[in-house]
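Novice: Dumping the structure here so I can ask a few things about it.
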Amino acid sequence: MSAPAEPHGEPSAGIPTAVAAPHPAYLILAELGRRGTRLALSTADCATLEPLAAAWFARGVSADYLTSALTAGLPERIGSPIGLVRRRLTDKMPPQLPTAPAQVQGPRGTPVRALLVECTECGRPGPAEALPDGLCRPCAATHKSAESSEAPVPAEIERDVPALVAGRRNLMRTP
């Protein structure tokens with residue numbers, strides 16, 4: 001005998017239908033009960049709390065961070081796991097980070113000041129970009145010309161290094 005034929009429009013009871021994959025927030029909430037029985041949540045509880053947990057993911061939080069925020073410092077007895085998890089999801093919600101880096105601004109009406117540095121030779125102030133190697137242009141030009149005219153012999157360099165190091169140590173010792 002042959003099995004009864006099914007109509008083409010109805011799915012059979014034995015074949016599973018395609019189910020959409022659950023959101024990672026739902027999976028984290030469902031996994032809480034496996035990490036500790038005190039936070040065991042039902043299917044309905046997980047579905048209720050999923051939007052709150054999804055908001056954490058929208059703010060750039062990882063699954064490990066969310067799990068640790070929900071399970072850290074649990075009390076010995078928990079009367080309502082859904083209540084505790086809901087409270088932690090709302091109270092510990094991380095801040096929404098801006099997508100673009102914000103400009104550094106002072107208090108209202110205060111102009112933003114650029115960082116100024118000084119030339120190490122003459123003390124002339126200027127922006128950091130204008131003082132490469134810590135020298136302004138005139139000092140850098142004189143430093144390069146003096147360096148090229150007085151090229152030290154390697155033996156002289158070796159004798160100067162210990163004296164230089166000793167001088168630096170003395171400078172560090174003085175208050």
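Identifiers in this document derive from the order of the structure tokens: chains are assigned A, B, ..., residues are numbered from 1 separately in each chain, and ligands are numbered from 1 in order of occurrence.
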Compile the contact shell of Leu29 of chain A as JSON, numbers by chain: residues with an atom at most 8 Å away, counting only C-alpha atoms, same-chain residues fewer than 2 positions apart removed.
Specialist: {"A": [25, 26, 27, 31, 32, 33, 41, 46, 49, 50, 53]}
Novice: Include N, CA and C atoms and write out the residues we just selected as an mmCIF file, in the first residue's frame.
Specialist:
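Result file follows (out.cif):
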data_model
loop_
_atom_site.group_PDB
_atom_site.id
_atom_site.type_symbol
_atom_site.label_atom_id
_atom_site.label_comp_id
_atom_site.auth_asym_id
_atom_site.auth_seq_id
_atom_site.Cartn_x
_atom_site.Cartn_y
_atom_site.Cartn_z
ATOM 1 N N ALA A 25 21.069 38.979 21.297
ATOM 2 C CA ALA A 25 20.615 39.429 22.615
ATOM 3 C C ALA A 25 19.740 38.362 23.264
ATOM 4 N N TYR A 26 18.887 37.736 22.490
ATOM 5 C CA TYR A 26 18.031 36.662 22.997
ATOM 6 C C TYR A 26 18.880 35.490 23.466
ATOM 7 N N LEU A 27 19.902 35.162 22.680
ATOM 8 C CA LEU A 27 20.767 34.037 23.035
ATOM 9 C C LEU A 27 21.539 34.298 24.323
ATOM 10 N N GLU A 31 21.157 32.145 27.740
ATOM 11 C CA GLU A 31 22.358 31.495 28.270
ATOM 12 C C GLU A 31 22.608 31.839 29.746
ATOM 13 N N LEU A 32 22.003 32.901 30.243
ATOM 14 C CA LEU A 32 22.216 33.301 31.643
ATOM 15 C C LEU A 32 21.852 32.184 32.621
ATOM 16 N N GLY A 33 20.785 31.463 32.344
ATOM 17 C CA GLY A 33 20.355 30.381 33.226
ATOM 18 C C GLY A 33 21.337 29.224 33.253
ATOM 19 N N LEU A 41 15.893 32.240 32.958
ATOM 20 C CA LEU A 41 14.770 32.976 32.375
ATOM 21 C C LEU A 41 13.981 32.056 31.454
ATOM 22 N N CYS A 46 12.824 35.957 28.079
ATOM 23 C CA CYS A 46 13.869 36.317 27.118
ATOM 24 C C CYS A 46 13.305 37.182 26.000
ATOM 25 N N LEU A 49 12.715 40.740 27.379
ATOM 26 C CA LEU A 49 13.924 41.512 27.656
ATOM 27 C C LEU A 49 14.825 41.699 26.433
ATOM 28 N N GLU A 50 14.523 41.011 25.353
ATOM 29 C CA GLU A 50 15.373 41.079 24.163
ATOM 30 C C GLU A 50 15.573 42.500 23.634
ATOM 31 N N ALA A 53 18.264 44.246 25.746
ATOM 32 C CA ALA A 53 19.599 43.701 25.497
ATOM 33 C C ALA A 53 20.084 44.085 24.096
#
Novice: Separation of atom CA of Met93 of chain A and atom CA of Arg38 of chain A, in Å?
Specialist: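 We find that atom CA of Met93 of chain A and atom CA of Arg38 of chain A lie 21.5 Å from each other.
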Novice: Counting only C-alpha atoms, figure out which residue out of A:Cys119, A:Leu70, A:Ala141, A:Ala54 gets nearest to Leu84 of chain A.
Specialist: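 Checking each candidate against Leu84 of chain A, we get A:Leu70 as the closest.
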Novice: Using only C-alpha atoms, which of A:Pro138, A:Pro125, A:Pro162, A:Pro94 sits nearest Tyr65 of chain A?
Specialist: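 Once distances to Tyr65 of chain A are computed over only C-alpha atoms, the minimum belongs to A:Pro94.
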Novice: Would you list, as a PyMOL selection string, the residues of segment 19-125 of chain A that end up in strand (DSSP E or B) under DSSP run on this structure's backbone?
Specialist: chain A and resi 116-118+125
Novice: Next, the residues of the selection above should be written as a PDB file, in the first residue's frame with N, CA and C atoms.
Specialist:
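Output saved as selection14.pdb:
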ATOM      1  N   LEU A 116      50.733  74.960  22.479  1.00  0.00           N
ATOM      2  CA  LEU A 116      51.944  75.614  22.016  1.00  0.00           C
ATOM      3  C   LEU A 116      53.140  74.971  22.701  1.00  0.00           C
ATOM      4  N   VAL A 117      54.226  74.860  21.960  1.00  0.00           N
ATOM      5  CA  VAL A 117      55.479  74.358  22.508  1.00  0.00           C
ATOM      6  C   VAL A 117      56.553  75.407  22.255  1.00  0.00           C
ATOM      7  N   GLU A 118      57.691  75.251  22.926  1.00  0.00           N
ATOM      8  CA  GLU A 118      58.780  76.210  22.772  1.00  0.00           C
ATOM      9  C   GLU A 118      59.974  75.563  22.102  1.00  0.00           C
ATOM     10  N   PRO A 125      57.928  80.427  21.204  1.00  0.00           N
ATOM     11  CA  PRO A 125      56.732  79.571  21.201  1.00  0.00           C
ATOM     12  C   PRO A 125      56.197  79.383  19.791  1.00  0.00           C
TER      13      PRO A 125
END
